[in-house]
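J.: Quick one: the structure is below, and I'll ask about it shortly.
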Amino acid sequence: MNDMRIADRKVSTETAKMTARGVQVYYGENHALKDVDVDILSGTVTAFIGPSGCGKSTFLRCLNRMNDTVASARVLGEIKLDGENIYDKRVDPVTLRARVGMVFQKPNPFPKSIYENVAYGPRIHGLTRNKAELDEVVEMSLKRAALWNEVKDRLDAPGTGLSGGQQQRLCIARAVATSPEVLLMDEPCSALDPIATAQVEELIDELRSQFSVVIVTHSMQQAARVSQRTAFFHLGHLVEYGETGQIFTNPKDPRTESYITGRIG
Amino acid sequence: MINEKHIVSSFDRDLESVQAMVMKMGGLVEAAMLDAAQALDTRDEELAAKVRANDSAIDSMEDQIQHECARLIAVRTPAATDLRTVLSVMRIAGQLERCGDYAKNLAKRSLVLSQLPQIDGATGSIRRMSRTVVMQLKDALDAYIARDLKLAHEVRQRDQEIDQMYNGLFREFLTHMLEDPRNITTCMHLHFIAKNIERVGDHATGIAEQVIYLVEGQLPTDERPKDSGVSALAAASRMEG
């Protein structure tokens, strides 16, 4: 394939937002991730695919130090955000996670109002000075998450009362409210119906103009649809990383080929 | 290329079935070419009529293959080798359908030619040329099923021989026409036939290129040797001059 990309699939390969070099992760004795090198590009959706237990979620969780919360986890190697090592002692993980936001598999809104769900982050990070500014951030975040029109008349209603797809978009609104630079998504659509999935995918595509998005997904079609770069993990190794069109039409590694064509699980 | 089976075994069956269909279609086209050339050479009007009638079977086979492939894409969302397999089957079916049309056209012209005076040895030469081109088709399809890159490259290289045969016939027909204008009608028909067989050769090359696409993930980028008709045209103008 000389060029599988159509115009809006084009990405700038010049600027790497995050770079990982020689990343190893151990859970106790278990060597979960082996020597992973990858560049997460700016303005790009990067998909991590691979069978269960291949290390893709583990690696995703390294990118905002979520593995710090797992007592048995040890992370070795180097991960940089804008050239700065995120595992440096001087880096505050809470601040880091405001810059590298995360959306989880199951929608997990706080048991609070829709408004409070989105306002929480900006408030604790002191990103706004007054109520008017906070209102504006909430509105903008809900708009970015394509949820505003559906909830603008009931911002005081509990977030948990929304439908599954709306809850997930609420979680995305909550994640974008702190203006992160990178958004990590761990199977964000696995609990959603096809319509809600399409809405989230549309959203991901819009978000990439502002952030780098990294998505872990078990749906290879979803990876093919939303991403410009795809990384295939297998047994803790990063087997192949490349342009999404190339990975899905002409992968270089036979293990990638076997996986994406449904030959190994 | 990988030889492992899919976890979902019906996926393998689907892929095998579209490939089997395109092979069967190839067999029909090869037979049509040989029969049409024989009908021409032996002035067998019955055989020519049979070739014309059978073309609809080739056409409907193509429809069926395209339909099955579309269904397979919709249902299985094939990727990588599987995707290239489906795409190449669709393209090959299209190429074979064209070849079938040329065979039908040959049969049609043979019916006209059987009413006209013969040109010495011409139909025999045409028949030899169609045997060669059918060999090319057969080798290209064998290369496809065996994923045989070497054979596919050979087919590409050998197309030159068919081009040369065509150029030779072109000169011969030209000579006959210059000699006696009463030969013009016959020779024009014979010329179209030769040109069409030469095109079947190009389709065989196209199929061989699909083998390369299937195995390597991209079409060959090198130029293959060509013997274009330009030299024959130059020869013609010299004769006229």
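Residue names in the structure tokens use chain letters A, B, ... in the order shown, residue numbers from 1 in each chain, and ligand numbers from 1 in the order shown.
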Report the closest atom pair, with its distance in Å rounded to one decimal, for each residue of chain A that has an atom no farther than 8 Å from chain B; count only C-alpha atoms, sort by chain and then rising residue number, and write it as CSV.

T.:
residue,atom,partner,partner_atom,distance
A:Met1,CA,B:Gln218,CA,6.1
A:Ile247,CA,B:Ala80,CA,7.6
A:Phe248,CA,B:Ala80,CA,5.3
A:Thr249,CA,B:Ala80,CA,4.0
A:Asn250,CA,B:Ala80,CA,5.1
A:Pro251,CA,B:Ala80,CA,6.7
A:Pro254,CA,B:Ile2,CA,7.2
A:Glu257,CA,B:Ala80,CA,6.5
A:Ser258,CA,B:Ile2,CA,7.6
A:Ile260,CA,B:Ala79,CA,6.5
A:Thr261,CA,B:Ala79,CA,5.6
A:Gly262,CA,B:His6,CA,5.7
A:Arg263,CA,B:His6,CA,4.4
A:Ile264,CA,B:Ile7,CA,7.0
A:Gly265,CA,B:Ile7,CA,8.0

J.: From a DSSP pass on the backbone, collect the residues of region 33-213 of chain A flagged as strand (DSSP E) and hand them back as a ChimeraX atom specification.

T.: /A:33-41,45-49,73-81,84-85,100-103,182-186,212-213

J.: Would you write out those residues with C-alpha atoms, as a PDB file, in the first residue's frame?

T.:
ATOM      1  CA  LEU A  33       4.983  -5.951  29.436  1.00  0.00           C
ATOM      2  CA  LYS A  34       8.288  -6.563  27.705  1.00  0.00           C
ATOM      3  CA  ASP A  35      10.433  -3.792  26.327  1.00  0.00           C
ATOM      4  CA  VAL A  36       7.816  -1.600  24.657  1.00  0.00           C
ATOM      5  CA  ASP A  37       8.907   1.344  22.495  1.00  0.00           C
ATOM      6  CA  VAL A  38       6.189   3.534  21.049  1.00  0.00           C
ATOM      7  CA  ASP A  39       5.533   7.133  20.047  1.00  0.00           C
ATOM      8  CA  ILE A  40       2.070   8.581  20.607  1.00  0.00           C
ATOM      9  CA  LEU A  41       1.701  11.302  17.975  1.00  0.00           C
ATOM     10  CA  VAL A  45      -5.907   8.511  17.452  1.00  0.00           C
ATOM     11  CA  THR A  46      -3.746   5.525  18.328  1.00  0.00           C
ATOM     12  CA  ALA A  47      -5.464   2.171  18.817  1.00  0.00           C
ATOM     13  CA  PHE A  48      -4.021  -0.646  20.916  1.00  0.00           C
ATOM     14  CA  ILE A  49      -5.299  -4.049  19.879  1.00  0.00           C
ATOM     15  CA  ALA A  73       3.088  -3.361  39.873  1.00  0.00           C
ATOM     16  CA  ARG A  74       6.609  -2.256  38.934  1.00  0.00           C
ATOM     17  CA  VAL A  75       7.167  -0.065  35.897  1.00  0.00           C
ATOM     18  CA  LEU A  76      10.659   0.185  34.352  1.00  0.00           C
ATOM     19  CA  GLY A  77      11.840   2.153  31.352  1.00  0.00           C
ATOM     20  CA  GLU A  78      11.061   5.664  30.303  1.00  0.00           C
ATOM     21  CA  ILE A  79       7.821   7.406  29.358  1.00  0.00           C
ATOM     22  CA  LYS A  80       7.936  11.059  28.400  1.00  0.00           C
ATOM     23  CA  LEU A  81       5.168  13.585  27.932  1.00  0.00           C
ATOM     24  CA  GLU A  84       9.452  15.221  30.362  1.00  0.00           C
ATOM     25  CA  ASN A  85       9.745  11.877  32.161  1.00  0.00           C
ATOM     26  CA  VAL A 100      -3.492  12.673  30.583  1.00  0.00           C
ATOM     27  CA  GLY A 101      -7.183  11.949  31.129  1.00  0.00           C
ATOM     28  CA  MET A 102      -8.845   8.583  31.123  1.00  0.00           C
ATOM     29  CA  VAL A 103     -12.209   7.070  30.204  1.00  0.00           C
ATOM     30  CA  VAL A 182      -3.874  13.169  25.973  1.00  0.00           C
ATOM     31  CA  LEU A 183      -7.050  11.159  26.412  1.00  0.00           C
ATOM     32  CA  LEU A 184      -6.767   7.470  27.245  1.00  0.00           C
ATOM     33  CA  MET A 185      -9.800   5.300  26.581  1.00  0.00           C
ATOM     34  CA  ASP A 186      -9.985   1.727  27.792  1.00  0.00           C
ATOM     35  CA  SER A 212      -3.920  12.838  21.239  1.00  0.00           C
ATOM     36  CA  VAL A 213      -6.316   9.978  21.836  1.00  0.00           C
TER      37      VAL A 213
END

J.: Give me the residues near Gly165 (chain A) as a list of chain:residue names, where near means some atom within 10 Å (using only C-alpha atoms) and where sequence neighbours in that chain fewer than 6 positions away do not count.

T.: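 Once the nearby chain positions are removed, what remains is A:Pro107, A:Leu147, A:Cys171, A:Pro188, A:Cys189, A:Ala191, A:Leu192, A:Asp193, A:Pro194, A:Ile195, A:Ala196, A:Thr197, A:Gln199, A:Val200.
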
J.: For CA of Leu151 (chain B) and CA of Ser88 (chain B), quote the distance in Å rounded to one decimal.

T.: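 Pair CA of Leu151 (chain B) / CA of Ser88 (chain B) returns 16.8 Å.
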
J.: Could you tell me which of A:Ala16, A:Ala32, A:Leu155, A:Val70 comes closest to Lys56 (chain A) if we count only C-alpha atoms?

T.: A:Ala32

J.: Name the residues of region 87-146 of chain A that fall into helix (DSSP H, G or I) according to DSSP on the backbone, using the chain letters and numbers of this document, as a count of residues only.

T.: 32

J.: Glu116 (chain A): which residues within 9 Å, counting only C-alpha atoms, same-chain residues fewer than 3 positions away excluded, as a PDB file with N, CA and C atoms, in the first residue's frame?

T.:
ATOM      1  N   PHE A 110     -20.014   9.872  38.799  1.00  0.00           N
ATOM      2  CA  PHE A 110     -20.130  10.017  40.248  1.00  0.00           C
ATOM      3  C   PHE A 110     -21.618  10.040  40.597  1.00  0.00           C
ATOM      4  N   LYS A 112     -23.613  11.957  41.586  1.00  0.00           N
ATOM      5  CA  LYS A 112     -23.933  13.365  41.766  1.00  0.00           C
ATOM      6  C   LYS A 112     -24.676  13.860  40.544  1.00  0.00           C
ATOM      7  N   SER A 113     -24.974  15.143  40.504  1.00  0.00           N
ATOM      8  CA  SER A 113     -25.697  15.685  39.361  1.00  0.00           C
ATOM      9  C   SER A 113     -24.807  15.687  38.125  1.00  0.00           C
ATOM     10  N   ALA A 119     -18.108  19.379  36.616  1.00  0.00           N
ATOM     11  CA  ALA A 119     -17.458  20.493  37.319  1.00  0.00           C
ATOM     12  C   ALA A 119     -16.388  20.022  38.298  1.00  0.00           C
ATOM     13  N   TYR A 120     -16.466  18.760  38.681  1.00  0.00           N
ATOM     14  CA  TYR A 120     -15.578  18.247  39.726  1.00  0.00           C
ATOM     15  C   TYR A 120     -14.089  18.477  39.423  1.00  0.00           C
ATOM     16  N   VAL A 138     -18.335  23.681  31.966  1.00  0.00           N
ATOM     17  CA  VAL A 138     -19.276  22.552  31.971  1.00  0.00           C
ATOM     18  C   VAL A 138     -20.025  22.486  30.639  1.00  0.00           C
ATOM     19  N   LEU A 155     -29.531  19.693  34.163  1.00  0.00           N
ATOM     20  CA  LEU A 155     -28.156  19.575  34.655  1.00  0.00           C
ATOM     21  C   LEU A 155     -28.105  19.157  36.124  1.00  0.00           C
ATOM     22  N   ASP A 156     -29.225  19.354  36.842  1.00  0.00           N
ATOM     23  CA  ASP A 156     -29.245  18.990  38.258  1.00  0.00           C
ATOM     24  C   ASP A 156     -29.676  17.543  38.481  1.00  0.00           C
ATOM     25  N   GLY A 159     -26.364  12.016  37.411  1.00  0.00           N
ATOM     26  CA  GLY A 159     -25.674  11.455  36.241  1.00  0.00           C
ATOM     27  C   GLY A 159     -25.964   9.990  36.063  1.00  0.00           C
TER      28      GLY A 159
END

J.: Under the rule that only C-alpha atoms are counted, which of A:Leu162, A:Phe104, A:Ser42, A:Lys131 is the nearest residue to Asp82 (chain A)?

T.: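 Smallest distance to Asp82 (chain A) is found for A:Ser42.
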
J.: Rank A:Leu142, A:Leu238, A:Ala98, A:Ile204 by their smallest atom-to-atom distance to Ser179 (chain A), using only C-alpha atoms, and report the top residue only.

T.: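 Among A:Leu142, A:Leu238, A:Ala98, A:Ile204, it is A:Ala98 that comes nearest to Ser179 (chain A).
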
J.: Kindly give the distance, in Å, that separates CA of Thr244 (chain A) and CA of Ala223 (chain A), rounded to a single decimal.

T.: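 If I compute the distance from CA of Thr244 (chain A) to CA of Ala223 (chain A), I get 8.0 Å.
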
J.: Counting only C-alpha atoms, figure out which residue out of B:His203, B:Arg131, B:Arg52, B:His67 gets nearest to Ala37 (chain B).

T.: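 The shortest atom-to-atom distance to Ala37 (chain B) comes from B:Arg131.
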
J.: When you draw a straight line from CA of Asn117 (chain A) to CA of Trp148 (chain A), how long is it in Å?

T.: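 Calculated distance between CA of Asn117 (chain A) and CA of Trp148 (chain A) is 13.4 Å.
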
J.: Which polymer residues have any atom within 8 Å of an atom of Val18 (chain B), counting only C-alpha atoms, with same-chain residues fewer than 3 positions away left out, as a list of chain:residue names?

T.: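 Once the nearby chain positions are removed, what remains is B:Asp14, B:Leu15, B:Met21, B:Val22, B:Ile65, B:Glu68, B:Cys69, B:Val86, B:Val89.
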
J.: Can you write just those residues out, C-alpha atoms, as a short mmCIF file (atom, residue, chain, number, x, y, z; two decimals), in the first residue's frame?

T.:
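Produced file again_15.cif, reproduced below:
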data_model
loop_
_atom_site.label_atom_id
_atom_site.label_comp_id
_atom_site.auth_asym_id
_atom_site.auth_seq_id
_atom_site.Cartn_x
_atom_site.Cartn_y
_atom_site.Cartn_z
CA ASP B 14 -16.75 -18.99 2.45
CA LEU B 15 -13.30 -17.99 1.21
CA MET B 21 -16.16 -20.47 -8.16
CA VAL B 22 -13.60 -18.26 -9.88
CA ILE B 65 -19.11 -14.38 -7.65
CA GLU B 68 -20.96 -13.72 -2.93
CA CYS B 69 -17.88 -11.54 -2.45
CA VAL B 86 -11.76 -11.37 -1.77
CA VAL B 89 -11.35 -12.89 -6.65
#
